[in-house]
Structures are given as C-alpha cells and as structure tokens.
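Source file: work.cif; contents: mmCIF, C-alpha atoms.
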data_model
#
loop_
_atom_site.label_atom_id
_atom_site.label_comp_id
_atom_site.auth_asym_id
_atom_site.auth_seq_id
_atom_site.Cartn_x
_atom_site.Cartn_y
_atom_site.Cartn_z
CA MET P 3 -10.34 -17.39 21.51
CA THR P 4 -12.17 -14.07 21.71
CA ASP P 5 -12.83 -12.09 18.56
CA MET P 6 -11.91 -8.48 19.33
CA GLY P 7 -12.88 -6.79 16.10
CA ASN P 8 -13.40 -7.26 12.42
CA TYR P 9 -12.83 -5.18 9.35
CA ASP P 10 -12.68 -5.99 5.69
CA SER P 11 -8.90 -5.80 5.67
CA LEU P 12 -8.06 -6.58 9.31
CA THR P 13 -9.03 -9.08 11.97
CA VAL P 14 -7.68 -8.99 15.50
CA GLU P 15 -7.96 -11.94 17.88
CA ASN P 16 -7.19 -12.08 21.57
CA VAL P 17 -5.90 -15.47 22.58
CA PRO P 18 -6.49 -15.67 26.35
CA GLY P 19 -3.15 -15.78 28.12
CA GLY P 20 -1.39 -15.44 24.81
CA ALA P 21 -0.78 -13.04 22.01
CA ILE P 22 -2.96 -10.55 20.20
CA VAL P 23 -3.05 -12.15 16.76
CA VAL P 24 -3.42 -9.78 13.83
CA HIS P 25 -4.53 -10.87 10.35
CA GLY P 26 -4.53 -8.66 7.27
CA ASP P 27 -3.56 -5.09 6.49
CA ILE P 28 -2.75 -2.53 9.20
CA ASP P 29 -3.57 0.66 7.32
CA VAL P 30 -5.75 3.74 7.87
CA ALA P 31 -8.76 1.41 8.15
CA GLY P 32 -7.17 -1.30 10.26
CA GLY P 33 -4.99 0.87 12.49
CA PRO P 34 -7.87 2.05 14.72
CA ILE P 35 -9.13 -1.54 15.08
CA LEU P 36 -5.70 -2.63 16.26
CA GLU P 37 -5.46 0.41 18.54
CA ALA P 38 -8.75 -0.46 20.24
CA ALA P 39 -7.69 -4.09 20.68
CA LEU P 40 -4.36 -3.04 22.16
CA LEU P 41 -5.97 -0.65 24.64
CA ARG P 42 -8.31 -3.39 25.85
CA ARG P 43 -5.49 -5.90 26.18
CA GLU P 44 -3.18 -3.52 28.02
CA ASN P 45 -5.67 -3.47 30.89
CA GLU P 46 -5.03 -7.19 31.28
CA GLY P 47 -1.23 -7.02 31.52
CA SER P 48 1.65 -7.67 29.13
CA VAL P 49 1.29 -7.22 25.39
CA VAL P 50 2.46 -9.76 22.84
CA ILE P 51 1.40 -9.07 19.25
CA ASP P 52 1.62 -11.84 16.64
CA LEU P 53 2.11 -10.21 13.24
CA GLY P 54 2.78 -13.40 11.29
CA ASP P 55 -0.32 -12.93 9.14
CA VAL P 56 0.10 -9.22 8.49
CA SER P 57 0.51 -8.61 4.78
CA PHE P 58 0.76 -4.82 4.82
CA ILE P 59 1.50 -2.02 7.28
CA ASP P 60 1.78 1.74 6.85
CA SER P 61 2.53 4.59 9.24
CA SER P 62 -0.98 4.52 10.73
CA GLY P 63 -0.38 0.93 11.83
CA LEU P 64 3.05 1.84 13.07
CA ARG P 65 1.57 4.67 15.14
CA SER P 66 -0.70 2.14 16.88
CA LEU P 67 2.26 -0.09 17.67
CA LEU P 68 4.36 2.86 18.89
CA GLY P 69 1.50 4.02 21.10
CA ALA P 70 1.36 0.58 22.69
CA SER P 71 5.12 0.69 23.15
CA ARG P 72 4.99 4.09 24.88
CA ARG P 73 2.27 2.91 27.25
CA ALA P 74 4.14 -0.34 27.95
CA ARG P 75 7.32 1.55 28.80
CA ALA P 76 5.32 3.70 31.20
CA ARG P 77 4.25 0.47 32.92
CA GLY P 78 7.87 -0.76 32.95
CA THR P 79 7.37 -3.43 30.27
CA THR P 80 8.04 -3.89 26.56
CA VAL P 81 5.73 -4.77 23.69
CA VAL P 82 6.73 -8.06 22.08
CA LEU P 83 6.23 -8.33 18.32
CA ARG P 84 6.13 -11.99 17.31
CA HIS P 85 6.54 -13.55 13.84
CA VAL P 86 7.51 -10.22 12.32
CA GLY P 87 7.63 -10.55 8.55
CA ALA P 88 9.69 -8.67 6.01
CA GLU P 89 7.06 -5.98 5.34
CA VAL P 90 6.67 -5.01 8.99
CA LEU P 91 10.39 -5.27 9.72
CA ARG P 92 11.20 -3.00 6.79
CA LEU P 93 8.83 -0.27 8.02
CA LEU P 94 10.30 -0.51 11.52
CA GLU P 95 13.82 -0.22 10.10
CA ILE P 96 13.20 2.71 7.76
CA THR P 97 11.52 4.67 10.54
CA GLY P 98 14.22 3.79 13.07
CA THR P 99 11.71 2.33 15.51
CA THR P 100 12.95 -1.26 15.94
CA SER P 101 14.41 -0.42 19.36
CA HIS P 102 10.93 0.40 20.68
CA PHE P 103 9.98 -3.28 20.64
CA SER P 104 11.20 -6.75 21.53
CA ILE P 105 11.16 -8.35 18.09
CA GLU P 106 10.89 -12.00 17.17
CA THR P 107 11.13 -12.41 13.41
CA SER P 108 9.39 -15.07 11.32
CA ASN P 109 12.69 -16.93 11.18
CA ASP P 110 13.13 -17.09 14.98
CA MET D 21 3.23 -6.91 -19.44
CA THR D 22 3.56 -3.43 -20.89
CA ASP D 23 6.97 -1.90 -20.37
CA ALA D 24 5.72 1.54 -21.24
CA ALA D 25 7.31 4.89 -20.49
CA VAL D 26 3.93 6.55 -20.26
CA ILE D 27 0.70 5.08 -18.82
CA GLY D 28 -2.31 7.02 -17.63
CA PRO D 29 -3.08 9.16 -15.90
CA VAL D 30 -5.59 6.92 -14.15
CA VAL D 31 -7.81 9.19 -12.08
CA LEU D 32 -9.96 7.98 -9.19
CA ARG D 33 -12.39 10.12 -7.20
CA LEU D 34 -13.40 8.66 -3.84
CA PRO D 35 -14.99 9.65 -0.54
CA PRO D 36 -12.62 9.97 2.45
CA ASP D 37 -13.38 6.39 3.50
CA PRO D 38 -10.49 4.47 5.12
CA ALA D 39 -11.88 1.19 3.78
CA LEU D 40 -10.91 2.28 0.27
CA SER D 41 -7.19 2.29 1.09
CA ARG D 42 -6.87 -1.37 0.16
CA VAL D 43 -8.79 -0.83 -3.08
CA LEU D 44 -6.47 2.01 -3.99
CA ARG D 45 -3.38 -0.12 -3.33
CA LEU D 46 -4.75 -2.87 -5.53
CA ALA D 47 -5.40 -0.42 -8.37
CA ALA D 48 -1.91 1.05 -8.00
CA SER D 49 -0.38 -2.44 -8.04
CA GLY D 50 -2.17 -3.15 -11.31
CA VAL D 51 -0.92 -0.02 -13.00
CA ALA D 52 2.63 -0.59 -11.77
CA ALA D 53 2.59 -4.24 -12.89
CA MET D 54 1.44 -3.15 -16.36
CA ALA D 55 4.50 -0.92 -16.56
CA GLY D 56 6.87 -3.71 -15.55
CA PHE D 57 7.77 -2.58 -12.05
CA THR D 58 9.38 -5.27 -9.89
CA VAL D 59 7.70 -6.87 -6.88
CA ASP D 60 9.89 -4.84 -4.50
CA GLU D 61 9.09 -1.63 -6.37
CA ILE D 62 5.38 -2.43 -6.26
CA ASP D 63 5.66 -2.95 -2.49
CA ASP D 64 7.12 0.55 -2.24
CA ILE D 65 4.35 1.94 -4.46
CA LYS D 66 1.69 0.36 -2.24
CA ILE D 67 3.21 2.00 0.82
CA ALA D 68 3.44 5.37 -0.96
CA VAL D 69 -0.20 5.20 -2.10
CA SER D 70 -1.32 4.23 1.39
CA GLU D 71 0.60 7.11 2.97
CA VAL D 72 -0.87 9.62 0.50
CA LEU D 73 -4.44 8.48 1.23
CA LEU D 74 -3.79 8.30 4.98
CA ALA D 75 -2.57 11.90 5.08
CA LEU D 76 -5.49 13.18 2.99
CA ILE D 77 -8.08 11.33 5.10
CA GLU D 78 -6.58 12.29 8.46
CA HIS D 79 -5.78 15.90 7.60
CA GLY D 80 -8.36 16.66 4.94
CA GLY D 81 -12.00 17.55 5.31
CA GLU D 82 -15.21 15.78 4.43
CA GLY D 83 -14.85 16.44 0.72
CA PRO D 84 -13.95 13.96 -1.99
CA ILE D 85 -10.39 12.84 -2.56
CA GLU D 86 -8.97 12.69 -6.05
CA VAL D 87 -6.09 10.31 -6.67
CA GLU D 88 -4.14 10.04 -9.90
CA PHE D 89 -1.71 7.31 -10.92
CA ALA D 90 0.66 7.87 -13.82
CA ILE D 91 3.80 6.36 -15.28
CA GLU D 92 6.03 9.18 -16.43
CA ASP D 93 9.73 8.96 -17.28
CA HIS D 94 9.92 5.43 -15.85
CA ALA D 95 8.53 6.54 -12.51
CA PHE D 96 5.24 5.63 -10.88
CA ILE D 97 3.67 8.87 -9.68
CA VAL D 98 0.74 9.10 -7.28
CA ARG D 99 -0.88 12.49 -6.82
CA GLY D 100 -3.65 13.00 -4.29
CA SER D 101 -5.69 16.08 -3.46
CA THR D 102 -8.72 17.13 -1.46
CA PRO D 103 -10.37 20.51 -0.90
CA ILE D 104 -9.58 22.03 2.49
CA GLU D 105 -9.48 25.55 3.89
CA SER D 106 -6.39 25.08 6.04
CA PHE D 107 -3.77 22.36 6.12
CA ASP D 108 -0.77 22.26 8.44
CA VAL D 109 1.91 20.69 6.25
CA GLU D 110 4.23 20.58 9.28
CA HIS D 111 1.75 18.74 11.52
CA PRO D 112 3.62 16.27 13.81
CA ASP D 113 1.43 13.38 12.62
CA LEU D 114 2.78 13.97 9.11
CA LEU D 115 6.37 13.50 10.31
CA LEU D 116 6.13 9.70 10.30
CA CYS D 117 4.37 9.85 6.93
CA ARG D 118 7.18 12.01 5.53
CA THR D 119 9.82 9.64 6.96
CA VAL D 120 8.18 6.67 5.24
CA LEU D 121 7.74 8.53 1.95
CA THR D 122 11.37 9.66 2.02
CA SER D 123 12.48 6.03 2.39
CA VAL D 124 10.28 4.35 -0.21
CA CYS D 125 10.01 7.12 -2.81
CA THR D 126 12.43 8.89 -5.10
CA SER D 127 10.72 12.17 -4.26
CA HIS D 128 7.53 13.44 -2.66
CA GLY D 129 5.73 16.63 -1.69
CA ILE D 130 3.03 17.74 0.76
CA GLU D 131 1.54 21.15 0.00
CA LEU D 132 -1.48 23.41 0.38
CA ILE D 133 -2.24 25.03 -2.97
CA ASP D 134 -5.40 27.00 -3.79
CA GLN D 135 -7.26 25.53 -0.79
CA GLN D 136 -6.35 22.02 -1.89
CA ALA D 137 -4.24 19.68 0.23
CA GLN D 138 -1.95 18.14 -2.36
CA ILE D 139 0.35 15.19 -1.78
CA TRP D 140 2.42 13.47 -4.41
CA ALA D 141 5.06 10.76 -4.42
CA ALA D 142 7.22 9.15 -7.11
CA VAL D 143 8.82 5.70 -7.18
CA THR D 144 11.37 5.23 -9.96
CA HIS D 145 11.61 2.01 -11.94
CA ALA D 146 15.26 1.25 -11.09
CA SER D 147 15.66 -1.60 -13.58
CA ILE D 148 15.16 0.78 -16.53
CA PRO D 149 18.56 2.04 -17.67
#
Exercise: express the given structure as structure tokens:
Amino acid sequence: MTDMGNYDSLTVENVPGGAIVVHGDIDVAGGPILEAALLRRENEGSVVIDLGDVSFIDSSGLRSLLGASRRARARGTTVVLRHVGAEVLRLLEITGTTSHFSIETSND
Amino acid sequence: MTDAAVIGPVVLRLPPDPALSRVLRLAASGVAAMAGFTVDEIDDIKIAVSEVLLALIEHGGEGPIEVEFAIEDHAFIVRGSTPIESFDVEHPDLLLCRTVLTSVCTSHGIELIDQQAQIWAAVTHASIP
C-alpha cells in the first residue's frame, strides 16, 4: 500500500492494482489532496475510488470526482465509486451527477 | 438540549485557511444541536457551512473571513463575509455551490455588498410547528 497524501481531515491511499481508498472529509481542504491522487492514478490506468470511509463531502470534493469522470470519459472509461455511503450518494443525487459514475453503494 | 428560538449570534473570525472548514462544521453542529435540530438537519447545516466557507476561500482574497451562526425563527442561519474588491457572483465555479445550497437550505444568497463578499444560508428546523 502506498500512502499518496495526508491531511488532518483526509487520507488517500493507493492500493496497487486496486482502488484509491479515501478516508475522512472531502472538503475545501481535502479536495485538492484527492485531486492530486486522482491525477497520479489516472496515469496508471482505470480509476476505482473506495469512498466507504468518507464521512463528509461538499461541492469541492464533488468537483474533484467530476474532473476525474470527465478525464475518464475522454479515455473511453468510467470512474467507479465503490462503497458509496449515504452522505456521498445524497450529494450526487441533489446535484444530478450520479450518471457520471459507475456507483457501487455500501449495500452492494 | 436547548430548544430555543433564538441562539447567538456566534461570531468567528478566521484566516482563509481550508483546514478550518472541519472546525467550522464542528462548531455549527454544536450550535444546531443546542437548538434541537435533528441529525438530518445538522447534516444539511454542515454542508451549508462548508459551502459558504468554500466559496469565500476560493473567491475571496487574502483577508480574514467572518462567519456568524445564529438561530432565528427556528432556522439555523450561517452568514459569511470577507473583504474583496471584486467578486463575480455568477462565476461558473459557484454554480455547483448554488445547486447544493438550493437543495440543503431553505434559502441562501451570494452577494457583493460594500466591497464585501457576503454569503448566507438558512436551514429551517422542520420539526418545529
């Protein structure tokens, strides 16, 4: 497991051959950390993001996810969001952005 | 728990430091819990507070940000402001912020008044008749 960045409210891990695992809050502080991790991972291929340990997300975090989705579509792929909890799912729904991702909820 | 119609205002003055977003959400949660807001309502308040600070940090200047929490007429109100010479209230980056605020808040506003970027949002305590 490679640690890709730390912040008081957010930790992002890159599991080789697996998902980008996000822990904590994706807000104005954590969004740029996630963005940097996503950009590094996109150079390696497909993007799977495990959000099972995300306790909060706002529009700055959503912008990072949407940016990854746009870049993935340009490469002919889709960003997979894994273990999506109620908080993240709600933000995706109220902003009408669920269709931008392949979503696996916490109940899947 | 205090089921009060009026609490505050609680005024916080902070540098435009993203790391303080979490601190601000925690403070807002405390005020809302004191006033008897439900867990779901507090979740909405945390999003509203985060969006207000996000917009002020990303579109404001280097100056301090003042944030005020108040319970008025059974609504949690967050008001944020920061000094700035110009502020494009129609900036595309604010569109997503506005969409979120529209969904989680009863009302909100983003304005430039007297060289101050001012953003406010209100979440009503629905369980109060």
### Task
Please write the residues picked by the PyMOL selection byres ((chain P) within 9 of (chain D)) on this file as a list in words.
Tyr9, Asp10, Ser11, Asp27, Asp29, Val30, Ala31, Gly32, Phe58, Ile59, Asp60, Ser61, Ser62, Leu64, Arg65, Glu89, Leu93, Ile96 and Thr97 of chain P
### Message
Translate the PyMOL selection byres ((chain D and resi 106) around 9) into a concrete residue list for this structure, as JSON, numbers by chain.
### Response
{"D": [80, 104, 105, 107, 108, 132, 135, 136, 137]}
Convert the current residue selection to file output with C-alpha atoms, as a tab-separated table (two decimals), in the frame of the given file.
chain	number	residue	atom	x	y	z
D	80	GLY	CA	-8.36	16.66	4.94
D	104	ILE	CA	-9.58	22.03	2.49
D	105	GLU	CA	-9.48	25.55	3.89
D	107	PHE	CA	-3.77	22.36	6.12
D	108	ASP	CA	-0.77	22.26	8.44
D	132	LEU	CA	-1.48	23.41	0.38
D	135	GLN	CA	-7.26	25.53	-0.79
D	136	GLN	CA	-6.35	22.02	-1.89
D	137	ALA	CA	-4.24	19.68	0.23
### Message
When you look at segment 34-41 of chain P with a cut-off of 9 Å (counting only C-alpha atoms), what residues show up, excluding the ones that are within fewer than 5 positions of it in the same chain? I need them as a ChimeraX atom specification.
### Response
/P:6-9,12-16,22,24,28-29,49,51,62-63,65-67,69-70
Those selected residues, please, written with C-alpha atoms and delivered as a tab-separated table (two decimals), in the frame of the given file.
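What follows is the written file selection_31.tsv:
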chain	number	residue	atom	x	y	z
P	6	MET	CA	-11.91	-8.48	19.33
P	7	GLY	CA	-12.88	-6.79	16.10
P	8	ASN	CA	-13.40	-7.26	12.42
P	9	TYR	CA	-12.83	-5.18	9.35
P	12	LEU	CA	-8.06	-6.58	9.31
P	13	THR	CA	-9.03	-9.08	11.97
P	14	VAL	CA	-7.68	-8.99	15.50
P	15	GLU	CA	-7.96	-11.94	17.88
P	16	ASN	CA	-7.19	-12.08	21.57
P	22	ILE	CA	-2.96	-10.55	20.20
P	24	VAL	CA	-3.42	-9.78	13.83
P	28	ILE	CA	-2.75	-2.53	9.20
P	29	ASP	CA	-3.57	0.66	7.32
P	49	VAL	CA	1.29	-7.22	25.39
P	51	ILE	CA	1.40	-9.07	19.25
P	62	SER	CA	-0.98	4.52	10.73
P	63	GLY	CA	-0.38	0.93	11.83
P	65	ARG	CA	1.57	4.67	15.14
P	66	SER	CA	-0.70	2.14	16.88
P	67	LEU	CA	2.26	-0.09	17.67
P	69	GLY	CA	1.50	4.02	21.10
P	70	ALA	CA	1.36	0.58	22.69
For the PyMOL selection byres ((chain P and resi 19) around 10), applied here, can you spell out every residue it catches as a short mmCIF file (atom, residue, chain, number, x, y, z; two decimals) with C-alpha atoms, in the frame of the given file?
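Result written to expr_2.cif:
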data_model
loop_
_atom_site.label_atom_id
_atom_site.label_comp_id
_atom_site.auth_asym_id
_atom_site.auth_seq_id
_atom_site.Cartn_x
_atom_site.Cartn_y
_atom_site.Cartn_z
CA MET P 3 -10.34 -17.39 21.51
CA ASN P 16 -7.19 -12.08 21.57
CA VAL P 17 -5.90 -15.47 22.58
CA PRO P 18 -6.49 -15.67 26.35
CA GLY P 20 -1.39 -15.44 24.81
CA ALA P 21 -0.78 -13.04 22.01
CA ILE P 22 -2.96 -10.55 20.20
CA GLU P 46 -5.03 -7.19 31.28
CA GLY P 47 -1.23 -7.02 31.52
CA SER P 48 1.65 -7.67 29.13
CA VAL P 50 2.46 -9.76 22.84
#
### Message
Within 7 Å of (-11.5, 13.6, -2.4) (file coordinates; all atoms listed in the file), which protein or nucleic acid residues are there? I'd like them as a PyMOL selection string.
### Response
chain D and resi 33-36+83-86+101-102
Please produce an output containing C-alpha atoms for each residue in the selection, written as an mmCIF file, keeping the file's coordinate frame.
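Below you can see selection-v8.cif, which holds the result:
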data_model
loop_
_atom_site.group_PDB
_atom_site.id
_atom_site.type_symbol
_atom_site.label_atom_id
_atom_site.label_comp_id
_atom_site.auth_asym_id
_atom_site.auth_seq_id
_atom_site.Cartn_x
_atom_site.Cartn_y
_atom_site.Cartn_z
ATOM 1 C CA ARG D 33 -12.390 10.120 -7.200
ATOM 2 C CA LEU D 34 -13.400 8.660 -3.840
ATOM 3 C CA PRO D 35 -14.990 9.650 -0.540
ATOM 4 C CA PRO D 36 -12.620 9.970 2.450
ATOM 5 C CA GLY D 83 -14.850 16.440 0.720
ATOM 6 C CA PRO D 84 -13.950 13.960 -1.990
ATOM 7 C CA ILE D 85 -10.390 12.840 -2.560
ATOM 8 C CA GLU D 86 -8.970 12.690 -6.050
ATOM 9 C CA SER D 101 -5.690 16.080 -3.460
ATOM 10 C CA THR D 102 -8.720 17.130 -1.460
#
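We find atom CA of Gln138 of chain D and atom CA of Ile97 of chain D to be spaced 13.1 Å apart.
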### Task
Quick one: pull the distance between atom CA of Gly87 of chain P and atom CA of Ala47 of chain D, Å, one decimal.
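According to the coordinates, atom CA of Gly87 of chain P and atom CA of Ala47 of chain D are separated by 23.6 Å.
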### Task
Between atom CA of Leu53 of chain P and atom CA of Leu44 of chain D, measure the distance and give it in Å to one decimal.
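Interatomic distance here is 22.8 Å.
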Hey, can you pull every residue with an atom no more than 10 Å from (11.9, 1.9, -10.0), using all atoms listed in the file, and send it as a compact mmCIF listing (two decimals) with C-alpha atoms, keeping the file's coordinate frame?
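Below is the file part28.txt, written as the result:
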# COMPACT_ATOMS: atom_id res chain seq x y z
CA ALA D 52 2.63 -0.59 -11.77
CA GLY D 56 6.87 -3.71 -15.55
CA PHE D 57 7.77 -2.58 -12.05
CA THR D 58 9.38 -5.27 -9.89
CA ASP D 60 9.89 -4.84 -4.50
CA GLU D 61 9.09 -1.63 -6.37
CA ILE D 62 5.38 -2.43 -6.26
CA ASP D 64 7.12 0.55 -2.24
CA ILE D 65 4.35 1.94 -4.46
CA HIS D 94 9.92 5.43 -15.85
CA ALA D 95 8.53 6.54 -12.51
CA PHE D 96 5.24 5.63 -10.88
CA CYS D 125 10.01 7.12 -2.81
CA THR D 126 12.43 8.89 -5.10
CA ALA D 142 7.22 9.15 -7.11
CA VAL D 143 8.82 5.70 -7.18
CA THR D 144 11.37 5.23 -9.96
CA HIS D 145 11.61 2.01 -11.94
CA ALA D 146 15.26 1.25 -11.09
CA SER D 147 15.66 -1.60 -13.58
CA ILE D 148 15.16 0.78 -16.53
### Query
So which one's closest to Ala53 of chain D, D:Leu32, D:Leu76, D:Ala141, D:Ile91? Using only C-alpha atoms, please.
D:Ile91
### Message
Measuring between only C-alpha atoms, which one of P:Phe103, P:His85, P:Leu91, P:Asp52 shows the shortest distance to Arg73 of chain P?
### Response
P:Phe103
### Task
Compile the contact shell of Ile130 of chain D as a ChimeraX atom specification: residues with an atom at most 7 Å away, counting all atoms listed in the file, same-chain residues fewer than 2 positions apart removed.
/D:109,138-140
Can I get the selection written as a PDB file, in the coordinates of the input, with C-alpha atoms?
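So selection-v3.pdb came out as:
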ATOM      1  CA  VAL D 109       1.910  20.690   6.250  1.00  0.00           C
ATOM      2  CA  GLN D 138      -1.950  18.140  -2.360  1.00  0.00           C
ATOM      3  CA  ILE D 139       0.350  15.190  -1.780  1.00  0.00           C
ATOM      4  CA  TRP D 140       2.420  13.470  -4.410  1.00  0.00           C
TER       5      TRP D 140
END
#### Entry: Among listed residues P:Glu95, P:Glu106, P:Glu44, P:Asp55, nearest Leu83 of chain P (using only C-alpha atoms)
P:Glu106
### Task
Extract, using all atoms listed in the file, all DNA, RNA and protein residues at most 6 Å from Val87 of chain D, discarding same-chain residues fewer than 4 positions from it, and format them as a list in words.
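Contacts, in chain order: Val31, Leu32, Arg99 and Gly100 of chain D.
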